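Pasting run-v9.tsv here (TSV, C-alpha atoms and all ligand atoms):
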```
chain	number	residue	atom	x	y	z
A	16	MET	CA	19.62	39.91	55.31
A	17	TYR	CA	15.95	40.96	55.42
A	18	GLN	CA	13.98	41.21	52.17
A	19	SER	CA	12.71	44.75	51.57
A	20	VAL	CA	9.12	45.55	50.68
A	21	LEU	CA	7.43	48.85	49.84
A	22	VAL	CA	3.79	49.10	50.98
A	23	THR	CA	1.74	52.06	49.70
A	24	GLY	CA	-1.20	53.45	51.65
A	25	ALA	CA	0.32	52.24	54.92
A	26	SER	CA	-0.93	55.06	57.17
A	27	SER	CA	-4.17	53.27	58.05
A	28	GLY	CA	-6.41	50.24	57.61
A	29	ILE	CA	-5.25	47.39	55.40
A	30	GLY	CA	-1.89	48.93	54.44
A	31	GLU	CA	-0.95	49.59	58.06
A	32	THR	CA	-1.82	46.00	59.00
A	33	ILE	CA	0.16	44.63	56.03
A	34	ALA	CA	3.20	46.72	57.07
A	35	ILE	CA	3.10	45.50	60.68
A	36	HIS	CA	2.40	41.87	59.70
A	37	LEU	CA	5.26	41.73	57.18
A	38	ALA	CA	7.67	43.36	59.64
A	39	HIS	CA	6.73	40.77	62.29
A	40	LYS	CA	7.41	38.07	59.68
A	41	GLY	CA	10.94	39.43	59.21
A	42	PHE	CA	10.60	41.73	56.20
A	43	ARG	CA	12.21	45.17	56.09
A	44	VAL	CA	9.15	47.36	55.37
A	45	PHE	CA	9.03	50.80	53.78
A	46	ALA	CA	5.60	52.11	54.76
A	47	ALA	CA	4.45	54.91	52.45
A	48	ALA	CA	1.53	57.35	52.46
A	49	ARG	CA	0.83	61.08	52.50
A	50	ARG	CA	0.05	61.55	56.22
A	51	ARG	CA	3.47	61.40	57.85
A	52	ASP	CA	2.01	62.00	61.34
A	53	LYS	CA	-0.03	58.78	61.03
A	54	LEU	CA	2.97	56.87	59.66
A	55	LYS	CA	5.19	57.94	62.55
A	56	THR	CA	3.31	55.64	64.92
A	57	LEU	CA	4.54	52.68	62.84
A	58	SER	CA	8.23	53.38	63.50
A	59	GLY	CA	8.27	51.71	66.90
A	60	LEU	CA	6.34	48.63	65.73
A	61	GLY	CA	7.34	45.47	63.89
A	62	GLY	CA	10.63	45.00	65.73
A	63	GLY	CA	11.97	48.31	64.38
A	64	ARG	CA	11.86	46.98	60.81
A	65	ILE	CA	9.40	49.61	59.53
A	66	THR	CA	10.61	52.83	57.90
A	67	PRO	CA	7.87	55.42	57.24
A	68	LEU	CA	8.10	57.30	53.94
A	69	GLU	CA	6.06	60.26	52.81
A	70	MET	CA	4.73	59.50	49.34
A	71	ASP	CA	1.78	60.56	47.19
A	72	VAL	CA	1.16	57.93	44.51
A	73	THR	CA	-0.29	60.58	42.19
A	74	ASP	CA	2.94	62.62	42.29
A	75	GLU	CA	5.87	61.18	40.33
A	76	ALA	CA	8.40	63.49	42.06
A	77	SER	CA	7.29	62.29	45.48
A	78	ILE	CA	7.62	58.64	44.34
A	79	ALA	CA	11.13	59.34	43.03
A	80	ASP	CA	12.09	60.97	46.37
A	81	ALA	CA	10.81	57.96	48.30
A	82	LEU	CA	12.73	55.52	46.08
A	83	THR	CA	15.91	57.59	46.50
A	84	GLN	CA	15.52	57.29	50.28
A	85	ILE	CA	15.14	53.51	49.93
A	86	SER	CA	18.27	53.17	47.79
A	87	GLU	CA	20.26	55.51	50.08
A	88	ASP	CA	19.31	53.13	52.85
A	89	GLY	CA	21.08	50.43	50.83
A	90	SER	CA	17.91	48.44	50.22
A	91	ALA	CA	17.01	46.75	46.93
A	92	LEU	CA	13.27	46.21	46.83
A	93	TYR	CA	12.12	42.60	46.62
A	94	GLY	CA	8.42	43.40	46.94
A	95	LEU	CA	5.93	46.11	46.13
A	96	VAL	CA	2.43	46.11	47.62
A	97	ASN	CA	0.21	48.55	45.72
A	98	ASN	CA	-2.43	49.17	48.36
A	99	ALA	CA	-3.12	52.95	48.33
A	100	GLY	CA	-6.70	53.57	47.30
A	101	ILE	CA	-9.75	55.76	47.68
A	102	SER	CA	-13.42	55.20	46.94
A	103	VAL	CA	-15.58	57.65	45.03
A	104	MET	CA	-19.23	56.67	45.45
A	105	GLY	CA	-22.40	58.07	43.96
A	106	PRO	CA	-24.75	57.95	40.97
A	107	LEU	CA	-22.80	57.91	37.71
A	108	GLU	CA	-25.03	60.68	36.39
A	109	GLU	CA	-24.11	63.01	39.24
A	110	VAL	CA	-20.49	62.25	40.08
A	111	SER	CA	-18.38	65.06	38.64
A	112	LEU	CA	-15.69	64.32	36.08
A	113	ALA	CA	-13.20	65.82	38.55
A	114	ASP	CA	-14.19	63.10	41.05
A	115	TRP	CA	-13.96	60.41	38.35
A	116	ARG	CA	-10.44	61.61	37.62
A	117	ARG	CA	-9.55	61.74	41.34
A	118	GLN	CA	-10.61	58.08	41.56
A	119	TYR	CA	-8.52	56.96	38.61
A	120	GLU	CA	-5.52	59.15	39.49
A	121	THR	CA	-5.12	57.24	42.76
A	122	ASN	CA	-6.40	53.70	42.16
A	123	VAL	CA	-5.17	53.22	38.59
A	124	PHE	CA	-2.55	55.77	37.50
A	125	GLY	CA	-1.10	55.97	41.03
A	126	LEU	CA	-0.58	52.21	41.03
A	127	VAL	CA	0.94	52.40	37.54
A	128	ASN	CA	3.24	55.29	38.59
A	129	VAL	CA	4.71	53.38	41.54
A	130	THR	CA	4.98	50.11	39.62
A	131	ARG	CA	6.82	51.73	36.71
A	132	ALA	CA	9.23	53.44	39.10
A	133	VAL	CA	10.08	50.20	40.94
A	134	LEU	CA	10.08	47.79	38.00
A	135	PRO	CA	13.48	48.48	36.39
A	136	GLN	CA	15.40	47.37	39.48
A	137	MET	CA	13.32	44.19	39.83
A	138	ARG	CA	13.58	43.33	36.15
A	139	ILE	CA	17.35	43.84	36.10
A	140	ALA	CA	17.73	41.80	39.30
A	141	GLY	CA	15.59	39.07	37.68
A	142	ARG	CA	13.48	38.70	40.83
A	143	GLY	CA	10.71	40.44	42.66
A	144	ARG	CA	7.06	40.34	43.66
A	145	ILE	CA	4.31	42.84	42.92
A	146	ILE	CA	1.05	42.53	44.81
A	147	ASN	CA	-1.85	44.71	43.75
A	148	ILE	CA	-4.75	45.24	46.13
A	149	GLY	CA	-7.86	45.05	43.98
A	150	SER	CA	-11.33	44.37	45.29
A	151	VAL	CA	-14.27	42.04	44.86
A	152	ALA	CA	-15.69	45.22	43.31
A	153	GLY	CA	-13.15	44.59	40.55
A	154	ARG	CA	-15.53	41.85	39.37
A	155	ILE	CA	-18.91	42.87	40.80
A	156	ALA	CA	-20.19	46.45	40.74
A	157	ALA	CA	-22.85	47.46	43.25
A	158	PRO	CA	-25.18	50.34	42.36
A	159	PHE	CA	-23.66	53.75	43.23
A	160	GLN	CA	-20.26	52.07	43.32
A	161	GLY	CA	-19.59	52.16	39.58
A	162	VAL	CA	-16.79	54.74	39.74
A	163	TYR	CA	-14.79	52.81	42.34
A	164	ALA	CA	-15.68	49.40	40.88
A	165	SER	CA	-14.57	50.42	37.39
A	166	SER	CA	-11.19	51.54	38.77
A	167	LYS	CA	-10.77	48.12	40.42
A	168	HIS	CA	-11.87	46.39	37.18
A	169	ALA	CA	-8.95	48.26	35.59
A	170	VAL	CA	-6.63	46.89	38.30
A	171	GLU	CA	-7.81	43.35	37.45
A	172	GLY	CA	-6.96	43.84	33.78
A	173	LEU	CA	-3.62	45.53	34.23
A	174	SER	CA	-2.57	42.90	36.79
A	175	ASP	CA	-3.22	40.12	34.24
A	176	GLY	CA	-1.23	41.90	31.54
A	177	LEU	CA	1.63	42.72	33.90
A	178	ARG	CA	1.82	39.17	35.29
A	179	ARG	CA	2.17	37.71	31.80
A	180	GLU	CA	4.74	40.20	30.57
A	181	LEU	CA	6.91	39.96	33.68
A	182	ALA	CA	6.89	36.17	34.05
A	183	PRO	CA	9.99	35.67	31.86
A	184	HIS	CA	11.84	38.29	33.94
A	185	GLY	CA	11.41	36.49	37.25
A	186	VAL	CA	9.00	39.11	38.64
A	187	LYS	CA	5.75	37.58	39.92
A	188	VAL	CA	2.50	39.52	40.08
A	189	SER	CA	-0.48	38.70	42.29
A	190	LEU	CA	-3.82	40.38	42.79
A	191	VAL	CA	-5.41	40.33	46.24
A	192	ARG	CA	-9.09	41.18	46.15
A	193	PRO	CA	-10.79	41.81	49.46
A	194	GLY	CA	-14.54	41.94	50.03
A	195	PHE	CA	-15.85	44.13	52.85
A	196	ILE	CA	-13.01	44.62	55.38
A	197	ASN	CA	-13.45	46.40	58.69
A	198	THR	CA	-11.49	49.66	58.24
A	199	SER	CA	-12.46	53.33	58.10
A	200	PHE	CA	-12.96	52.92	54.33
A	201	GLY	CA	-16.65	52.20	54.97
A	202	ALA	CA	-17.19	55.47	56.86
A	203	GLN	CA	-15.48	57.39	54.04
A	204	GLU	CA	-17.81	55.71	51.52
A	205	GLN	CA	-20.81	56.66	53.64
A	206	ASP	CA	-19.64	60.30	53.55
A	207	GLU	CA	-19.25	60.07	49.77
A	208	LEU	CA	-22.82	58.74	49.41
A	209	GLU	CA	-24.18	61.46	51.68
A	210	ARG	CA	-23.07	64.07	49.14
A	211	TYR	CA	-25.88	62.82	46.87
A	212	ALA	CA	-28.58	62.65	49.55
A	213	GLY	CA	-30.41	65.64	48.05
A	214	GLY	CA	-30.08	64.66	44.38
A	215	ALA	CA	-32.21	62.86	41.82
A	216	TYR	CA	-31.35	59.44	43.32
A	217	ALA	CA	-31.96	60.50	46.94
A	218	GLU	CA	-34.39	57.71	47.81
A	219	GLN	CA	-32.23	54.95	46.32
A	220	ILE	CA	-29.13	56.39	47.98
A	221	LYS	CA	-30.90	56.33	51.34
A	222	ILE	CA	-31.83	52.64	50.95
A	223	PHE	CA	-28.40	51.64	49.64
A	224	LYS	CA	-26.61	53.63	52.35
A	225	SER	CA	-28.44	51.82	55.14
A	226	TRP	CA	-27.49	48.42	53.63
A	227	HIS	CA	-23.88	49.53	53.06
A	228	ALA	CA	-23.56	50.88	56.64
A	229	LYS	CA	-23.74	47.31	57.98
A	230	GLY	CA	-21.05	45.95	55.66
A	231	HIS	CA	-17.71	47.15	57.01
A	232	PRO	CA	-18.37	47.08	60.80
A	233	ASN	CA	-19.44	43.41	60.56
A	234	ALA	CA	-16.66	42.35	58.19
A	235	ALA	CA	-13.37	40.50	58.65
A	236	GLY	CA	-10.36	42.45	59.92
A	237	PRO	CA	-7.51	43.56	57.63
A	238	ILE	CA	-5.25	40.74	58.83
A	239	VAL	CA	-6.90	38.39	56.28
A	240	VAL	CA	-5.54	40.64	53.53
A	241	ALA	CA	-2.10	40.85	55.17
A	242	GLU	CA	-1.90	37.03	55.38
A	243	ALA	CA	-2.69	36.72	51.66
A	244	VAL	CA	-0.01	39.32	50.85
A	245	HIS	CA	2.52	37.41	52.96
A	246	HIS	CA	1.65	34.21	51.09
A	247	ALA	CA	2.09	35.95	47.73
A	248	LEU	CA	5.49	37.26	48.81
A	249	THR	CA	6.90	34.04	50.19
A	250	VAL	CA	5.70	30.95	48.33
A	251	VAL	CA	7.57	29.73	45.25
A	252	ARG	CA	4.47	29.85	43.07
A	253	PRO	CA	2.15	32.61	44.30
A	254	HIS	CA	-1.48	32.55	43.18
A	255	SER	CA	-2.44	35.02	40.48
A	256	ARG	CA	-5.51	35.95	42.56
A	257	TYR	CA	-6.36	35.80	46.25
A	258	THR	CA	-9.97	36.48	47.25
A	259	VAL	CA	-10.37	37.31	50.94
A	260	PRO	CA	-12.19	36.36	53.02
A	261	LYS	CA	-12.72	33.09	51.13
A	262	LYS	CA	-16.51	33.21	51.51
A	263	MET	CA	-16.47	36.00	48.89
A	264	LEU	CA	-15.71	33.33	46.28
A	265	VAL	CA	-19.40	32.37	46.39
A	266	PHE	CA	-20.35	35.82	45.06
A	267	LEU	CA	-17.68	35.64	42.36
A	268	ALA	CA	-18.90	32.20	41.28
A	269	LEU	CA	-22.46	33.55	41.10
A	270	ARG	CA	-21.26	36.52	39.05
A	271	ASN	CA	-19.39	34.23	36.67
A	272	LEU	CA	-22.03	31.54	36.26
A	273	ALA	CA	-25.47	33.08	36.76
A	274	PRO	CA	-27.20	35.26	34.16
A	275	SER	CA	-26.99	39.01	34.86
A	276	ALA	CA	-30.78	39.25	35.13
A	277	LEU	CA	-30.62	36.90	38.12
A	278	THR	CA	-27.66	38.61	39.83
A	279	ASP	CA	-29.37	41.98	39.31
A	280	ARG	CA	-32.46	40.69	41.13
A	281	ILE	CA	-30.31	39.27	43.93
A	282	PHE	CA	-28.49	42.61	44.28
A	283	ALA	CA	-31.77	44.51	44.47
A	284	ARG	CA	-33.18	42.08	47.04
A	285	VAL	CA	-30.04	42.03	49.24
A	286	THR	CA	-29.62	45.82	49.29
A	287	GLY	CA	-33.35	46.49	49.74
A	288	LEU	CA	-33.42	48.45	46.49
A	289	ASP	CA	-36.15	46.12	45.16
A	290	LYS	CA	-38.55	48.14	47.35
A	291	PHE	CA	-37.76	51.34	45.46
A	292	LYS	CA	-40.41	52.32	42.95
A	293	LYS	CA	-39.93	55.36	40.73
A	294	GLY	CA	-42.15	58.18	41.97
A	295	SER	CA	-42.52	56.64	45.45
A	296	ALA	CA	-40.16	59.21	47.04
A	297	SER	CA	-41.77	61.39	49.67
A	301	LIG	N1	-11.83	48.20	53.41
A	301	LIG	C1	-12.45	47.49	52.45
A	301	LIG	O1	-13.58	47.00	52.64
A	301	LIG	C2	-11.76	47.22	51.13
A	301	LIG	C3	-12.33	46.25	50.29
A	301	LIG	C4	-11.72	45.99	49.06
A	301	LIG	C5	-10.57	46.66	48.70
A	301	LIG	N2	-10.04	47.61	49.53
A	301	LIG	C6	-8.83	48.30	49.08
A	301	LIG	O2	-7.84	48.21	50.07
A	301	LIG	C7	-6.98	49.36	49.99
A	301	LIG	C8	-6.83	49.97	51.38
A	301	LIG	O3	-8.09	50.34	51.88
A	301	LIG	P1	-8.41	50.53	53.43
A	301	LIG	O4	-9.67	49.85	53.72
A	301	LIG	O5	-7.21	50.22	54.24
A	301	LIG	O6	-8.71	52.11	53.46
A	301	LIG	P2	-7.99	53.31	54.25
A	301	LIG	O7	-7.85	52.98	55.69
A	301	LIG	O8	-8.74	54.53	53.86
A	301	LIG	O9	-6.53	53.35	53.62
A	301	LIG	C9	-6.25	53.93	52.40
A	301	LIG	C10	-4.77	54.25	52.38
A	301	LIG	O10	-4.45	54.78	51.09
A	301	LIG	C11	-3.65	55.93	51.28
A	301	LIG	N3	-3.77	56.83	50.15
A	301	LIG	C12	-4.88	57.37	49.61
A	301	LIG	N4	-4.56	58.18	48.60
A	301	LIG	C13	-3.20	58.16	48.50
A	301	LIG	C14	-2.26	58.80	47.66
A	301	LIG	N5	-2.64	59.67	46.70
A	301	LIG	N6	-0.95	58.54	47.83
A	301	LIG	C15	-0.54	57.68	48.80
A	301	LIG	N7	-1.38	57.05	49.63
A	301	LIG	C16	-2.70	57.29	49.48
A	301	LIG	C17	-4.12	56.55	52.59
A	301	LIG	O11	-3.08	57.28	53.21
A	301	LIG	P3	-2.90	58.86	53.21
A	301	LIG	O12	-4.26	59.49	53.22
A	301	LIG	O13	-2.09	59.12	54.45
A	301	LIG	O14	-2.10	59.14	51.98
A	301	LIG	C18	-4.39	55.30	53.41
A	301	LIG	O15	-3.22	54.88	54.06
A	301	LIG	C19	-7.60	50.28	48.95
A	301	LIG	O16	-6.94	50.09	47.70
A	301	LIG	C20	-9.03	49.79	48.84
A	301	LIG	O17	-9.60	50.05	47.58
A	301	LIG	C21	-10.61	47.91	50.74
```
Starting from the coordinates I provided, produce the structure as structure tokens.
Amino acid sequence: MYQSVLVTGASSGIGETIAIHLAHKGFRVFAAARRRDKLKTLSGLGGGRITPLEMDVTDEASIADALTQISEDGSALYGLVNNAGISVMGPLEEVSLADWRRQYETNVFGLVNVTRAVLPQMRIAGRGRIINIGSVAGRIAAPFQGVYASSKHAVEGLSDGLRRELAPHGVKVSLVRPGFINTSFGAQEQDELERYAGGAYAEQIKIFKSWHAKGHPNAAGPIVVAEAVHHALTVVRPHSRYTVPKKMLVFLALRNLAPSALTDRIFARVTGLDKFKKGSAS
């Protein structure tokens, strides 16, 4: 019998690739997101082992409906991949509290909602795997990325707590933290930044935006994330953290070992923001 896995945010990008990859590897995949039309295209893929499910991670009733459909299908979930996420970008001073909440409702409370709904069956079964998709931004925050980065810092912390409390119950928790990955996420972040193009940080936003624009198109594809998720689901002792692509470990080592004053200067140099001088805006 195939092991069943629920993947959230599977209508595009990383989640879609994870769903297809796991189905090809023999998993029964429940692919969840809000846009059912986008999910429909997954039905024919992965050897027919993908079932699309409409689910909004911020809506507990919609999560309960999706889980009912899974149990009516006769499937007990072995794995949960918490991948659904959005990115709110912009100067902390100018991002509205409504946008802050929108960020946390999806990336933090949405992840908690789905995890809490799935956990009882895994705990009672005494087996299961939970894989949270964090981000390198969960350790390193770029300027104008503080809202998103802080939500991913929260995912780092809650993943550690969860891993330790579930270990005696046979449920293993891993965190996969991608760096730049080539999906439409980058274009969405560019749109977010554009909202602040006329504000008090306009000149800095312009510089940062042009550096950021090069990141996603030149990055690794989402398959590197899917391979890490597959590893976390299948090996006896999954890693607590997977950083992908591996070259991102250099930045994490720098963050952990170098003084902040140095990493701040490196950030400014790399992004071009070192050229910004207050009052230099045209
Ligand atoms: N791409 C990168 O460079 C990168 C780097 C580090 C981490 N990540 C993380 O990887 C994950 C996937 O990102 P991606 O690059 O694949 O972006 P993406 O293509 O925009 O995918 C995001 C997915 O999340 C779903 N989603 C958003 N809000 C949702 C909600 N309320 N309920 C259910 N699903 C929701 C979207 O589906 P619907 O709109 O259909 O609901 C979509 O399928 C995110 O957690 C992101 O933070 C991405």
**OP:** Record the distance separating CA of Asp80 in chain A and CA of Ala47 in chain A, expressed in Å with one decimal.
**Re:** 11.5 Å
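Closest approach to Glu31 in chain A among A:Ile238, A:Ala268, A:Ala113, A:Leu248 is made by A:Ile238 (distances from only C-alpha atoms).
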Subject >> Distance query Gln118 in chain A at most 10 Å, only C-alpha atoms, self and fewer than 6 positions along chain excluded, as an MDAnalysis selection string >> reply: chainID A and resid 100:104 112 124:125 162:163 165:166
Subject >> Env. residues ligand LIG 301 (chain A) / 8 Å / all atoms listed in the file / as a ChimeraX atom specification >> reply: /A:23-31,47-51,53-54,70-74,97-102,120-122,125,148-152,163,167,192-201,203,231,234,237
Contact residues around Gln136 in chain A with all atoms listed in the file at 12 Å, ignoring same-chain residues under 4 positions, as an mmCIF file with C-alpha atoms, in the frame of the given file:
```cif
data_model
loop_
_atom_site.group_PDB
_atom_site.id
_atom_site.type_symbol
_atom_site.label_atom_id
_atom_site.label_comp_id
_atom_site.auth_asym_id
_atom_site.auth_seq_id
_atom_site.Cartn_x
_atom_site.Cartn_y
_atom_site.Cartn_z
ATOM 1 C CA LEU A 82 12.730 55.520 46.080
ATOM 2 C CA SER A 86 18.270 53.170 47.790
ATOM 3 C CA SER A 90 17.910 48.440 50.220
ATOM 4 C CA ALA A 91 17.010 46.750 46.930
ATOM 5 C CA LEU A 92 13.270 46.210 46.830
ATOM 6 C CA TYR A 93 12.120 42.600 46.620
ATOM 7 C CA GLY A 94 8.420 43.400 46.940
ATOM 8 C CA LEU A 95 5.930 46.110 46.130
ATOM 9 C CA THR A 130 4.980 50.110 39.620
ATOM 10 C CA ARG A 131 6.820 51.730 36.710
ATOM 11 C CA ALA A 132 9.230 53.440 39.100
ATOM 12 C CA ALA A 140 17.730 41.800 39.300
ATOM 13 C CA GLY A 141 15.590 39.070 37.680
ATOM 14 C CA ARG A 142 13.480 38.700 40.830
ATOM 15 C CA GLY A 143 10.710 40.440 42.660
ATOM 16 C CA ARG A 144 7.060 40.340 43.660
ATOM 17 C CA HIS A 184 11.840 38.290 33.940
ATOM 18 C CA GLY A 185 11.410 36.490 37.250
ATOM 19 C CA VAL A 186 9.000 39.110 38.640
#
```
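Closest approach to Gly105 in chain A among A:Phe159, A:Tyr257, A:Phe42, A:Trp226 is made by A:Phe159 (distances from only C-alpha atoms).
Minimum atom-to-atom distances from A:Ala76, A:Gln18, A:Phe291, A:Gly59 to Ala217 in chain A were compared using all atoms listed in the file, and the lowest value belongs to A:Phe291.
Ranking A:Gly153, A:Pro274, A:Pro260, A:Pro253 by their shortest atom-to-atom distance to Val240 in chain A, with only C-alpha atoms included, puts A:Pro260 first.
As for CA of Gly213 in chain A and CA of Gly230 in chain A, they are spaced 23.1 Å apart.
Put simply, CA of Ala241 in chain A is 18.5 Å away from CA of Thr56 in chain A.
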Subject >> Within-12 Å shell of (-25.5, 56.6, 40.5) in input frame, only C-alpha atoms, as JSON, numbers by chain >> reply: {"A": [103, 104, 105, 106, 107, 108, 109, 110, 111, 156, 157, 158, 159, 160, 161, 162, 163, 207, 208, 210, 211, 212, 214, 215, 216, 217, 218, 219, 220, 223]}
Can you write out the residues you just picked, keeping C-alpha atoms, as a CSV table (one decimal), in the frame of the given file?
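again-v3.csv, written as the output of this step:
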```
chain,number,residue,atom,x,y,z
A,103,VAL,CA,-15.6,57.6,45.0
A,104,MET,CA,-19.2,56.7,45.4
A,105,GLY,CA,-22.4,58.1,44.0
A,106,PRO,CA,-24.8,58.0,41.0
A,107,LEU,CA,-22.8,57.9,37.7
A,108,GLU,CA,-25.0,60.7,36.4
A,109,GLU,CA,-24.1,63.0,39.2
A,110,VAL,CA,-20.5,62.2,40.1
A,111,SER,CA,-18.4,65.1,38.6
A,156,ALA,CA,-20.2,46.4,40.7
A,157,ALA,CA,-22.8,47.5,43.2
A,158,PRO,CA,-25.2,50.3,42.4
A,159,PHE,CA,-23.7,53.8,43.2
A,160,GLN,CA,-20.3,52.1,43.3
A,161,GLY,CA,-19.6,52.2,39.6
A,162,VAL,CA,-16.8,54.7,39.7
A,163,TYR,CA,-14.8,52.8,42.3
A,207,GLU,CA,-19.2,60.1,49.8
A,208,LEU,CA,-22.8,58.7,49.4
A,210,ARG,CA,-23.1,64.1,49.1
A,211,TYR,CA,-25.9,62.8,46.9
A,212,ALA,CA,-28.6,62.6,49.6
A,214,GLY,CA,-30.1,64.7,44.4
A,215,ALA,CA,-32.2,62.9,41.8
A,216,TYR,CA,-31.4,59.4,43.3
A,217,ALA,CA,-32.0,60.5,46.9
A,218,GLU,CA,-34.4,57.7,47.8
A,219,GLN,CA,-32.2,55.0,46.3
A,220,ILE,CA,-29.1,56.4,48.0
A,223,PHE,CA,-28.4,51.6,49.6
```
Quick one: what's the axis-aligned box for range 199-211 of chain A, all listed atoms, 3 Å on every side, centre and edges in Å to one decimal, as JSON?
```
{"center_x": -19.2, "center_y": 58.1, "center_z": 52.5, "size_x": 19.4, "size_y": 17.9, "size_z": 17.2}
```
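Omitting His39 in chain A and its sequence neighbours fewer than 4 positions away, and counting only C-alpha atoms, the residues within 8 Å are Ile35, Gly61 and Gly62 of chain A.
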Original post:
Given the choices A:Ala34, A:Leu264, A:Ala228, A:Leu21, which gets closest to Ile85 in chain A if the distance is worked out from all atoms listed in the file?
Top reply: A:Leu21
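Comparing A:Ala273, A:Ser225, A:Ile155, A:Ser255 by their smallest distance to Arg179 in chain A, the closest is A:Ser255 (using only C-alpha atoms).
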Can you pull range 193-232 of chain A out of that block with C-alpha atoms and hand it back as a PDB file, in the first residue's frame?
```
ATOM      1  CA  PRO A 193      15.389  26.934   0.662  1.00  0.00           C
ATOM      2  CA  GLY A 194      17.386  29.940  -0.511  1.00  0.00           C
ATOM      3  CA  PHE A 195      16.334  31.639  -3.744  1.00  0.00           C
ATOM      4  CA  ILE A 196      14.365  29.099  -5.827  1.00  0.00           C
ATOM      5  CA  ASN A 197      13.170  29.764  -9.355  1.00  0.00           C
ATOM      6  CA  THR A 198       9.365  30.050  -8.988  1.00  0.00           C
ATOM      7  CA  SER A 199       6.861  32.871  -9.450  1.00  0.00           C
ATOM      8  CA  PHE A 200       7.445  33.804  -5.783  1.00  0.00           C
ATOM      9  CA  GLY A 201      10.120  36.290  -6.913  1.00  0.00           C
ATOM     10  CA  ALA A 202       7.730  38.141  -9.244  1.00  0.00           C
ATOM     11  CA  GLN A 203       5.160  38.358  -6.429  1.00  0.00           C
ATOM     12  CA  GLU A 204       7.830  39.830  -4.138  1.00  0.00           C
ATOM     13  CA  GLN A 205       8.739  42.373  -6.807  1.00  0.00           C
ATOM     14  CA  ASP A 206       5.067  43.427  -6.964  1.00  0.00           C
ATOM     15  CA  GLU A 207       5.002  43.738  -3.174  1.00  0.00           C
ATOM     16  CA  LEU A 208       8.100  45.983  -3.228  1.00  0.00           C
ATOM     17  CA  GLU A 209       6.633  48.128  -5.991  1.00  0.00           C
ATOM     18  CA  ARG A 210       3.820  49.158  -3.638  1.00  0.00           C
ATOM     19  CA  TYR A 211       6.407  51.213  -1.713  1.00  0.00           C
ATOM     20  CA  ALA A 212       8.092  52.783  -4.748  1.00  0.00           C
ATOM     21  CA  GLY A 213       6.622  56.198  -3.929  1.00  0.00           C
ATOM     22  CA  GLY A 214       7.218  56.131  -0.161  1.00  0.00           C
ATOM     23  CA  ALA A 215       9.871  57.383   2.222  1.00  0.00           C
ATOM     24  CA  TYR A 216      12.235  54.517   1.296  1.00  0.00           C
ATOM     25  CA  ALA A 217      11.736  54.877  -2.477  1.00  0.00           C
ATOM     26  CA  GLU A 218      15.421  55.150  -3.388  1.00  0.00           C
ATOM     27  CA  GLN A 219      16.487  52.180  -1.245  1.00  0.00           C
ATOM     28  CA  ILE A 220      13.570  50.112  -2.553  1.00  0.00           C
ATOM     29  CA  LYS A 221      14.643  50.852  -6.123  1.00  0.00           C
ATOM     30  CA  ILE A 222      18.211  49.670  -5.443  1.00  0.00           C
ATOM     31  CA  PHE A 223      17.105  46.591  -3.494  1.00  0.00           C
ATOM     32  CA  LYS A 224      14.483  45.690  -6.104  1.00  0.00           C
ATOM     33  CA  SER A 225      17.032  45.631  -8.913  1.00  0.00           C
ATOM     34  CA  TRP A 226      19.313  43.297  -6.883  1.00  0.00           C
ATOM     35  CA  HIS A 227      16.365  41.086  -5.873  1.00  0.00           C
ATOM     36  CA  ALA A 228      15.103  40.852  -9.493  1.00  0.00           C
ATOM     37  CA  LYS A 229      18.163  38.775 -10.412  1.00  0.00           C
ATOM     38  CA  GLY A 230      17.765  36.302  -7.548  1.00  0.00           C
ATOM     39  CA  HIS A 231      14.918  33.972  -8.480  1.00  0.00           C
ATOM     40  CA  PRO A 232      15.381  33.718 -12.285  1.00  0.00           C
TER      41      PRO A 232
END
```
